[in-house]
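Engineer: Let me begin by handing over the structure; questions about it come next.
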Amino acid sequence: RLQKLKEMFISKFGSAPKFYARAPGRVNLIGEHIDYCGYAVLPMAIEQDILIAVEPVQTQVVQLANTNSLYLDFSTSVNNIQINKTKPQWHNYFLCGLQGIQEHFGLNNPTGMNCLLDGTIPPSSGLSSSSALVCCAGLVTLRANGKTLSKVELAEICTKSERYIGTEGGGMDQSISFLAEEGTAKLIEFSPLRATDVRLPSGATFVIANSCVEMNKAATSHYNIRVMECRLATKLLSKSKGLEWRKMLRLHDVQSKLGVSLEEMLTIVEEVLHPEPYSTEEICKCLGISLEELRSQILSQNMQDVSTFKLYQRAKHVYSEAARVLEFQKICSEAPANALQLLGELMKQSHISCREMYECSCPELDRLVNICLQFGAIGSRLTGAGWGGCTVSMVPTDKLNTFLKNVKKAYYQTDGQRLAVENNNLFATKPGRGALVFVEA
């Protein structure tokens, strides 16, 4: 693959690349939509990745090309980066990483580059292709400008810089992309960012299946509405407990300020919030503020027109999912005889909560989860933001081949479009390694 990329680079730019950078995609085993609420998640890097061949150049221009002809070439001056939020095209994610590093170092005279990108992560599939591209671009810019940072610093900068495209992400994708190590999943905790190895039990394999429903986080408002609903739930829970609610942004802040367990937080949610949606008027009344203040101080720019918010359901999902992550880690470290059954159960509960409380599933994902469970998966759930994208299933290794054959038949071979792409869309994966740079010898 590297040789092929090098040859394409030479035919495109007339000279050889000086170095390459790669950043992996990821699958989140458990802990969906809780990183931006401050809670730990449990992902692993996959073997699929973004690979970029690079040649620093004297001109202050970045030229981007893609091995996939569907993605058009792009070039821009390094001193005038414009990120278009309205139409999130592939090069805008590269520009996020580029701008993030430039701003961090205050580079006045950044190096121009010729870059050729090759990606093996299915796009808009919930396997974090966009974050892998942001991370890879950050790494490329760092190297081309002769700067160095720790992996943790890189992950934090790339998390912030992906927000330039309008996605209010929490940092899981960028953290696992940099901090992953081969052979182990990671428990990733935030503020401060840290990663702990989680050894997955033997006897089972994780299988990713793409629903073939594309979901682009930056192009839809579902994702950012959920972020806002969690923020509003934080404010209402804080106010009801006499905390300084104006300063509280994440559901985790409420728990840590109150010093209670996740189970106790679930009880508080039941006492304080009601299952019916909240109108903006009711939220203002609960907080004792005007609509004007709600709009200018709390709601983000792209949330001004949303008139109802589901706070009870979102908070309930976040606190229960955060507890499932810790339980998953505990089972992996204690490795009881029935570990696989227990982990499978947690994955199933996670999917039900994503479907019913967070409403981030879709009919195709639900169908795919059911098919995977029917054909022998011990646990199965949506992974990534949802509303399309992939499922992850834990399958006994000795049943893997029959499982793949049956799922192929039941989900992919019933539909011509899915059949055409099934090879990239149904695969077993092992925990892969994190982002790195290698130099042309």
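Every chain in the structure tokens takes a letter, A first, then B, and so on in the order presented; its residues are numbered from 1, and the ligands are numbered from 1 following the presented order.
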Can you pull out every residue from segment 18-209 of chain A that DSSP, working from the backbone, puts in helix (DSSP H, G or I), and format the result as a ChimeraX atom specification?
Structural biologist: /A:35-37,90-105,129-144,151-165,172-179
Engineer: Quick one: residues within 12 Å of Arg22 of chain A, only C-alpha atoms counted, chain neighbours fewer than 2 positions away excluded, as a PyMOL selection string?
Structural biologist: chain A and resi 2+19-20+24-25+47-54+116-121+129+132-140+177-178+433-439
Engineer: Using DSSP on the backbone coordinates, identify the residues of segment 202-387 of chain A assigned to strand (DSSP E or B); present them as a PyMOL selection string.
Structural biologist: chain A and resi 204-210+278-279+308-309+379-383
Engineer: Let me see the file: selected residues, N, CA, C and O atoms, as an mmCIF file, in the first residue's frame.
Structural biologist:
```cif
data_model
loop_
_atom_site.group_PDB
_atom_site.id
_atom_site.type_symbol
_atom_site.label_atom_id
_atom_site.label_comp_id
_atom_site.auth_asym_id
_atom_site.auth_seq_id
_atom_site.Cartn_x
_atom_site.Cartn_y
_atom_site.Cartn_z
ATOM 1 N N ALA A 204 -13.307 -14.585 22.384
ATOM 2 C CA ALA A 204 -14.300 -13.825 21.617
ATOM 3 C C ALA A 204 -13.595 -12.851 20.689
ATOM 4 O O ALA A 204 -12.486 -12.399 20.957
ATOM 5 N N THR A 205 -14.269 -12.538 19.582
ATOM 6 C CA THR A 205 -13.739 -11.610 18.582
ATOM 7 C C THR A 205 -14.762 -10.505 18.398
ATOM 8 O O THR A 205 -15.972 -10.760 18.456
ATOM 9 N N PHE A 206 -14.284 -9.280 18.166
ATOM 10 C CA PHE A 206 -15.220 -8.183 17.894
ATOM 11 C C PHE A 206 -15.400 -8.030 16.390
ATOM 12 O O PHE A 206 -14.430 -8.015 15.638
ATOM 13 N N VAL A 207 -16.655 -7.958 15.988
ATOM 14 C CA VAL A 207 -16.984 -7.861 14.559
ATOM 15 C C VAL A 207 -17.735 -6.563 14.308
ATOM 16 O O VAL A 207 -18.687 -6.231 15.028
ATOM 17 N N ILE A 208 -17.294 -5.839 13.302
ATOM 18 C CA ILE A 208 -17.955 -4.588 12.922
ATOM 19 C C ILE A 208 -18.823 -4.846 11.698
ATOM 20 O O ILE A 208 -18.380 -5.494 10.740
ATOM 21 N N ALA A 209 -20.050 -4.362 11.746
ATOM 22 C CA ALA A 209 -20.954 -4.483 10.596
ATOM 23 C C ALA A 209 -21.541 -3.105 10.296
ATOM 24 O O ALA A 209 -22.081 -2.462 11.187
ATOM 25 N N ASN A 210 -21.410 -2.683 9.056
ATOM 26 C CA ASN A 210 -21.888 -1.355 8.659
ATOM 27 C C ASN A 210 -23.337 -1.458 8.189
ATOM 28 O O ASN A 210 -23.650 -2.271 7.318
ATOM 29 N N TYR A 278 -39.143 19.247 27.565
ATOM 30 C CA TYR A 278 -39.173 20.590 28.146
ATOM 31 C C TYR A 278 -39.232 21.625 27.028
ATOM 32 O O TYR A 278 -38.474 21.516 26.054
ATOM 33 N N SER A 279 -40.099 22.615 27.175
ATOM 34 C CA SER A 279 -40.096 23.727 26.210
ATOM 35 C C SER A 279 -39.048 24.735 26.658
ATOM 36 O O SER A 279 -38.628 24.728 27.824
ATOM 37 N N THR A 308 -37.994 22.345 21.757
ATOM 38 C CA THR A 308 -38.212 21.389 22.860
ATOM 39 C C THR A 308 -36.971 20.508 23.050
ATOM 40 O O THR A 308 -36.256 20.213 22.092
ATOM 41 N N PHE A 309 -36.766 20.109 24.307
ATOM 42 C CA PHE A 309 -35.576 19.333 24.659
ATOM 43 C C PHE A 309 -35.964 18.187 25.592
ATOM 44 O O PHE A 309 -36.740 18.384 26.519
ATOM 45 N N GLY A 379 -23.072 -10.281 22.424
ATOM 46 C CA GLY A 379 -23.559 -8.922 22.659
ATOM 47 C C GLY A 379 -23.431 -8.159 21.359
ATOM 48 O O GLY A 379 -22.575 -8.481 20.536
ATOM 49 N N SER A 380 -24.306 -7.162 21.163
ATOM 50 C CA SER A 380 -24.219 -6.360 19.944
ATOM 51 C C SER A 380 -24.837 -5.002 20.224
ATOM 52 O O SER A 380 -25.792 -4.900 20.993
ATOM 53 N N ARG A 381 -24.281 -3.943 19.631
ATOM 54 C CA ARG A 381 -24.802 -2.601 19.863
ATOM 55 C C ARG A 381 -24.348 -1.676 18.748
ATOM 56 O O ARG A 381 -23.403 -1.995 18.027
ATOM 57 N N LEU A 382 -25.032 -0.530 18.631
ATOM 58 C CA LEU A 382 -24.534 0.472 17.690
ATOM 59 C C LEU A 382 -23.234 1.035 18.244
ATOM 60 O O LEU A 382 -22.999 1.020 19.445
ATOM 61 N N THR A 383 -22.372 1.528 17.371
ATOM 62 C CA THR A 383 -21.128 2.146 17.830
ATOM 63 C C THR A 383 -20.912 3.437 17.062
ATOM 64 O O THR A 383 -21.317 3.539 15.909
#
```
Engineer: Do you have the atom CA of Cys230 of chain A-atom CA of Leu243 of chain A distance handy?
Structural biologist: 16.5 Å
Engineer: Counting only C-alpha atoms, which residue out of A:Leu72, A:Gly183, A:Tyr319, A:Pro192 sits closest to Leu251 of chain A?
Structural biologist: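 Answer, going by the shortest atom-to-atom distance: A:Tyr319.
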Engineer: Could you please determine the separation between atom CA of Glu182 of chain A and atom CA of Gln341 of chain A in Å, to one decimal place?
Structural biologist: 24.5 Å
Engineer: Env of Phe403 of chain A: 7 Å cut, atoms = only C-alpha atoms, seq-sep filter 3 positions within chain, self excluded. Answer as a PyMOL selection string.
Structural biologist: chain A and resi 375-376+399-400+406-407
Engineer: Please produce an output containing all heavy atoms for each residue in the selection, written as a compact mmCIF listing (two decimals), in the first residue's frame.
Structural biologist:
```
# COMPACT_ATOMS: atom_id res chain seq x y z
N PHE A 375 -27.68 -14.69 15.16
CA PHE A 375 -26.70 -15.63 14.59
C PHE A 375 -25.48 -15.85 15.49
O PHE A 375 -24.40 -16.17 15.03
CB PHE A 375 -26.28 -15.19 13.19
CG PHE A 375 -27.38 -15.38 12.18
CD1 PHE A 375 -27.91 -14.29 11.51
CD2 PHE A 375 -27.93 -16.64 11.95
CE1 PHE A 375 -28.94 -14.46 10.60
CE2 PHE A 375 -28.96 -16.82 11.04
CZ PHE A 375 -29.47 -15.72 10.36
N GLY A 376 -25.67 -15.63 16.79
CA GLY A 376 -24.64 -16.09 17.72
C GLY A 376 -23.78 -15.05 18.41
O GLY A 376 -22.89 -15.41 19.18
N LYS A 399 -17.08 -19.55 16.51
CA LYS A 399 -18.29 -19.46 15.67
C LYS A 399 -18.18 -18.34 14.64
O LYS A 399 -19.14 -18.01 13.95
CB LYS A 399 -19.51 -19.18 16.56
CG LYS A 399 -19.84 -20.31 17.52
CD LYS A 399 -21.22 -20.11 18.12
CE LYS A 399 -21.53 -21.25 19.08
NZ LYS A 399 -22.20 -20.79 20.29
N LEU A 400 -16.98 -17.74 14.55
CA LEU A 400 -16.83 -16.53 13.74
C LEU A 400 -17.21 -16.73 12.27
O LEU A 400 -17.98 -15.94 11.71
CB LEU A 400 -15.38 -16.02 13.84
CG LEU A 400 -15.06 -14.74 13.07
CD1 LEU A 400 -15.90 -13.57 13.57
CD2 LEU A 400 -13.58 -14.39 13.19
N ASN A 406 -23.65 -16.03 7.88
CA ASN A 406 -25.09 -15.83 8.12
C ASN A 406 -25.50 -14.36 8.09
O ASN A 406 -26.54 -14.00 7.56
CB ASN A 406 -25.49 -16.45 9.46
CG ASN A 406 -25.52 -17.97 9.38
OD1 ASN A 406 -25.82 -18.53 8.33
ND2 ASN A 406 -25.19 -18.63 10.47
N VAL A 407 -24.65 -13.50 8.67
CA VAL A 407 -24.98 -12.07 8.69
C VAL A 407 -24.94 -11.52 7.27
O VAL A 407 -25.78 -10.71 6.87
CB VAL A 407 -24.04 -11.28 9.64
CG1 VAL A 407 -24.27 -9.78 9.52
CG2 VAL A 407 -24.26 -11.73 11.08
```
Engineer: Using only C-alpha atoms for the distances, tell me which of A:Ile352, A:Ile165, A:Val27, A:Cys286 is nearest to Leu273 of chain A.
Structural biologist: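 Of all the options, A:Cys286 lies closest to Leu273 of chain A.
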Engineer: Could you give me, as JSON lines, every segment 136-196 of chain A residue with an atom at most 12 Å from segment 85-97 of chain A, plus its closest atom pair and distance in Å to one decimal, counting only C-alpha atoms, rows ordered by chain then number?
Structural biologist:
```
{"residue": "A:Cys136", "atom": "CA", "partner": "A:Gly97", "partner_atom": "CA", "distance": 7.5}
{"residue": "A:Ala137", "atom": "CA", "partner": "A:Gly97", "partner_atom": "CA", "distance": 4.9}
{"residue": "A:Gly138", "atom": "CA", "partner": "A:Gly97", "partner_atom": "CA", "distance": 4.2}
{"residue": "A:Leu139", "atom": "CA", "partner": "A:Gly97", "partner_atom": "CA", "distance": 7.9}
{"residue": "A:Val140", "atom": "CA", "partner": "A:Gly97", "partner_atom": "CA", "distance": 8.7}
{"residue": "A:Thr141", "atom": "CA", "partner": "A:Gly97", "partner_atom": "CA", "distance": 7.6}
{"residue": "A:Leu142", "atom": "CA", "partner": "A:Gly97", "partner_atom": "CA", "distance": 9.5}
{"residue": "A:Leu154", "atom": "CA", "partner": "A:Gly97", "partner_atom": "CA", "distance": 9.8}
{"residue": "A:Ala155", "atom": "CA", "partner": "A:Gly97", "partner_atom": "CA", "distance": 10.6}
{"residue": "A:Glu156", "atom": "CA", "partner": "A:Gly97", "partner_atom": "CA", "distance": 11.3}
{"residue": "A:Ile157", "atom": "CA", "partner": "A:Gly97", "partner_atom": "CA", "distance": 8.3}
{"residue": "A:Cys158", "atom": "CA", "partner": "A:Gly97", "partner_atom": "CA", "distance": 6.1}
{"residue": "A:Thr159", "atom": "CA", "partner": "A:Gly97", "partner_atom": "CA", "distance": 9.2}
{"residue": "A:Lys160", "atom": "CA", "partner": "A:Cys96", "partner_atom": "CA", "distance": 9.0}
{"residue": "A:Ser161", "atom": "CA", "partner": "A:Cys96", "partner_atom": "CA", "distance": 5.3}
{"residue": "A:Glu162", "atom": "CA", "partner": "A:Cys96", "partner_atom": "CA", "distance": 5.6}
{"residue": "A:Arg163", "atom": "CA", "partner": "A:Cys96", "partner_atom": "CA", "distance": 8.0}
{"residue": "A:Tyr164", "atom": "CA", "partner": "A:Cys96", "partner_atom": "CA", "distance": 6.2}
{"residue": "A:Ile165", "atom": "CA", "partner": "A:Lys85", "partner_atom": "CA", "distance": 5.0}
{"residue": "A:Gly166", "atom": "CA", "partner": "A:Lys85", "partner_atom": "CA", "distance": 6.2}
{"residue": "A:Thr167", "atom": "CA", "partner": "A:Lys85", "partner_atom": "CA", "distance": 9.2}
{"residue": "A:Gln174", "atom": "CA", "partner": "A:Gly97", "partner_atom": "CA", "distance": 10.9}
```
Engineer: Let me see the file: selected residues, N, CA, C and O atoms, as a PDB file, in the first residue's frame.
Structural biologist:
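As a result, selection-v1.pdb now contains:
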```pdb
ATOM      1  N   CYS A 136      -4.560  12.893  11.751  1.00  0.00           N
ATOM      2  CA  CYS A 136      -3.470  12.659  10.800  1.00  0.00           C
ATOM      3  C   CYS A 136      -2.948  13.997  10.274  1.00  0.00           C
ATOM      4  O   CYS A 136      -1.737  14.211  10.164  1.00  0.00           O
ATOM      5  N   ALA A 137      -3.862  14.933   9.994  1.00  0.00           N
ATOM      6  CA  ALA A 137      -3.470  16.261   9.513  1.00  0.00           C
ATOM      7  C   ALA A 137      -2.678  17.014  10.578  1.00  0.00           C
ATOM      8  O   ALA A 137      -1.697  17.699  10.281  1.00  0.00           O
ATOM      9  N   GLY A 138      -3.088  16.858  11.849  1.00  0.00           N
ATOM     10  CA  GLY A 138      -2.359  17.493  12.945  1.00  0.00           C
ATOM     11  C   GLY A 138      -0.933  16.967  13.033  1.00  0.00           C
ATOM     12  O   GLY A 138       0.039  17.722  13.171  1.00  0.00           O
ATOM     13  N   LEU A 139      -0.803  15.646  12.882  1.00  0.00           N
ATOM     14  CA  LEU A 139       0.501  14.984  12.956  1.00  0.00           C
ATOM     15  C   LEU A 139       1.401  15.424  11.799  1.00  0.00           C
ATOM     16  O   LEU A 139       2.591  15.719  11.977  1.00  0.00           O
ATOM     17  N   VAL A 140       0.809  15.492  10.613  1.00  0.00           N
ATOM     18  CA  VAL A 140       1.522  15.910   9.403  1.00  0.00           C
ATOM     19  C   VAL A 140       2.050  17.347   9.565  1.00  0.00           C
ATOM     20  O   VAL A 140       3.209  17.652   9.266  1.00  0.00           O
ATOM     21  N   THR A 141       1.188  18.252  10.050  1.00  0.00           N
ATOM     22  CA  THR A 141       1.549  19.665  10.205  1.00  0.00           C
ATOM     23  C   THR A 141       2.665  19.817  11.247  1.00  0.00           C
ATOM     24  O   THR A 141       3.603  20.593  11.071  1.00  0.00           O
ATOM     25  N   LEU A 142       2.543  19.042  12.321  1.00  0.00           N
ATOM     26  CA  LEU A 142       3.539  19.060  13.392  1.00  0.00           C
ATOM     27  C   LEU A 142       4.914  18.681  12.829  1.00  0.00           C
ATOM     28  O   LEU A 142       5.904  19.385  13.032  1.00  0.00           O
ATOM     29  N   LEU A 154      -1.308  16.248  21.682  1.00  0.00           N
ATOM     30  CA  LEU A 154      -1.841  16.155  20.317  1.00  0.00           C
ATOM     31  C   LEU A 154      -3.322  15.819  20.328  1.00  0.00           C
ATOM     32  O   LEU A 154      -4.113  16.413  19.600  1.00  0.00           O
ATOM     33  N   ALA A 155      -3.692  14.845  21.165  1.00  0.00           N
ATOM     34  CA  ALA A 155      -5.106  14.445  21.238  1.00  0.00           C
ATOM     35  C   ALA A 155      -5.966  15.620  21.679  1.00  0.00           C
ATOM     36  O   ALA A 155      -7.060  15.845  21.141  1.00  0.00           O
ATOM     37  N   GLU A 156      -5.476  16.388  22.650  1.00  0.00           N
ATOM     38  CA  GLU A 156      -6.278  17.514  23.151  1.00  0.00           C
ATOM     39  C   GLU A 156      -6.412  18.616  22.106  1.00  0.00           C
ATOM     40  O   GLU A 156      -7.481  19.207  21.936  1.00  0.00           O
ATOM     41  N   ILE A 157      -5.331  18.897  21.378  1.00  0.00           N
ATOM     42  CA  ILE A 157      -5.395  19.926  20.327  1.00  0.00           C
ATOM     43  C   ILE A 157      -6.329  19.482  19.201  1.00  0.00           C
ATOM     44  O   ILE A 157      -7.146  20.273  18.708  1.00  0.00           O
ATOM     45  N   CYS A 158      -6.228  18.218  18.801  1.00  0.00           N
ATOM     46  CA  CYS A 158      -7.083  17.736  17.693  1.00  0.00           C
ATOM     47  C   CYS A 158      -8.560  17.680  18.099  1.00  0.00           C
ATOM     48  O   CYS A 158      -9.436  17.888  17.275  1.00  0.00           O
ATOM     49  N   THR A 159      -8.827  17.419  19.389  1.00  0.00           N
ATOM     50  CA  THR A 159     -10.216  17.446  19.866  1.00  0.00           C
ATOM     51  C   THR A 159     -10.781  18.854  19.710  1.00  0.00           C
ATOM     52  O   THR A 159     -11.885  19.047  19.188  1.00  0.00           O
ATOM     53  N   LYS A 160     -10.014  19.842  20.159  1.00  0.00           N
ATOM     54  CA  LYS A 160     -10.468  21.237  20.041  1.00  0.00           C
ATOM     55  C   LYS A 160     -10.615  21.639  18.586  1.00  0.00           C
ATOM     56  O   LYS A 160     -11.579  22.293  18.202  1.00  0.00           O
ATOM     57  N   SER A 161      -9.634  21.247  17.758  1.00  0.00           N
ATOM     58  CA  SER A 161      -9.652  21.759  16.387  1.00  0.00           C
ATOM     59  C   SER A 161     -10.740  21.123  15.532  1.00  0.00           C
ATOM     60  O   SER A 161     -11.193  21.723  14.567  1.00  0.00           O
ATOM     61  N   GLU A 162     -11.218  19.915  15.913  1.00  0.00           N
ATOM     62  CA  GLU A 162     -12.333  19.347  15.128  1.00  0.00           C
ATOM     63  C   GLU A 162     -13.605  20.177  15.321  1.00  0.00           C
ATOM     64  O   GLU A 162     -14.508  20.143  14.503  1.00  0.00           O
ATOM     65  N   ARG A 163     -13.653  20.944  16.417  1.00  0.00           N
ATOM     66  CA  ARG A 163     -14.832  21.784  16.653  1.00  0.00           C
ATOM     67  C   ARG A 163     -14.923  22.934  15.652  1.00  0.00           C
ATOM     68  O   ARG A 163     -15.960  23.560  15.522  1.00  0.00           O
ATOM     69  N   TYR A 164     -13.816  23.229  14.935  1.00  0.00           N
ATOM     70  CA  TYR A 164     -13.872  24.275  13.900  1.00  0.00           C
ATOM     71  C   TYR A 164     -14.910  23.939  12.833  1.00  0.00           C
ATOM     72  O   TYR A 164     -15.383  24.812  12.128  1.00  0.00           O
ATOM     73  N   ILE A 165     -15.215  22.645  12.704  1.00  0.00           N
ATOM     74  CA  ILE A 165     -16.176  22.258  11.661  1.00  0.00           C
ATOM     75  C   ILE A 165     -17.602  22.223  12.204  1.00  0.00           C
ATOM     76  O   ILE A 165     -18.550  21.946  11.498  1.00  0.00           O
ATOM     77  N   GLY A 166     -17.730  22.530  13.522  1.00  0.00           N
ATOM     78  CA  GLY A 166     -19.075  22.649  14.088  1.00  0.00           C
ATOM     79  C   GLY A 166     -19.549  21.443  14.867  1.00  0.00           C
ATOM     80  O   GLY A 166     -20.686  21.403  15.322  1.00  0.00           O
ATOM     81  N   THR A 167     -18.702  20.410  15.034  1.00  0.00           N
ATOM     82  CA  THR A 167     -19.103  19.232  15.811  1.00  0.00           C
ATOM     83  C   THR A 167     -18.632  19.394  17.249  1.00  0.00           C
ATOM     84  O   THR A 167     -17.443  19.563  17.490  1.00  0.00           O
ATOM     85  N   GLN A 174     -10.239  11.274  19.099  1.00  0.00           N
ATOM     86  CA  GLN A 174      -8.870  11.765  18.943  1.00  0.00           C
ATOM     87  C   GLN A 174      -7.944  11.091  19.953  1.00  0.00           C
ATOM     88  O   GLN A 174      -6.796  10.756  19.628  1.00  0.00           O
TER      89      GLN A 174
END
```
Engineer: Which of these residues is nearest to Thr148 of chain A, using only C-alpha atoms: A:Ile283, A:Ile101, A:Leu237, A:Cys390?
Structural biologist: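 Answer, going by the shortest atom-to-atom distance: A:Ile101.
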Engineer: Out of A:Asp197, A:Glu440, A:Asp366, A:Glu334, which residue has the shortest atom-to-atom distance to Ser211 of chain A when counting only C-alpha atoms?
Structural biologist: A:Asp366
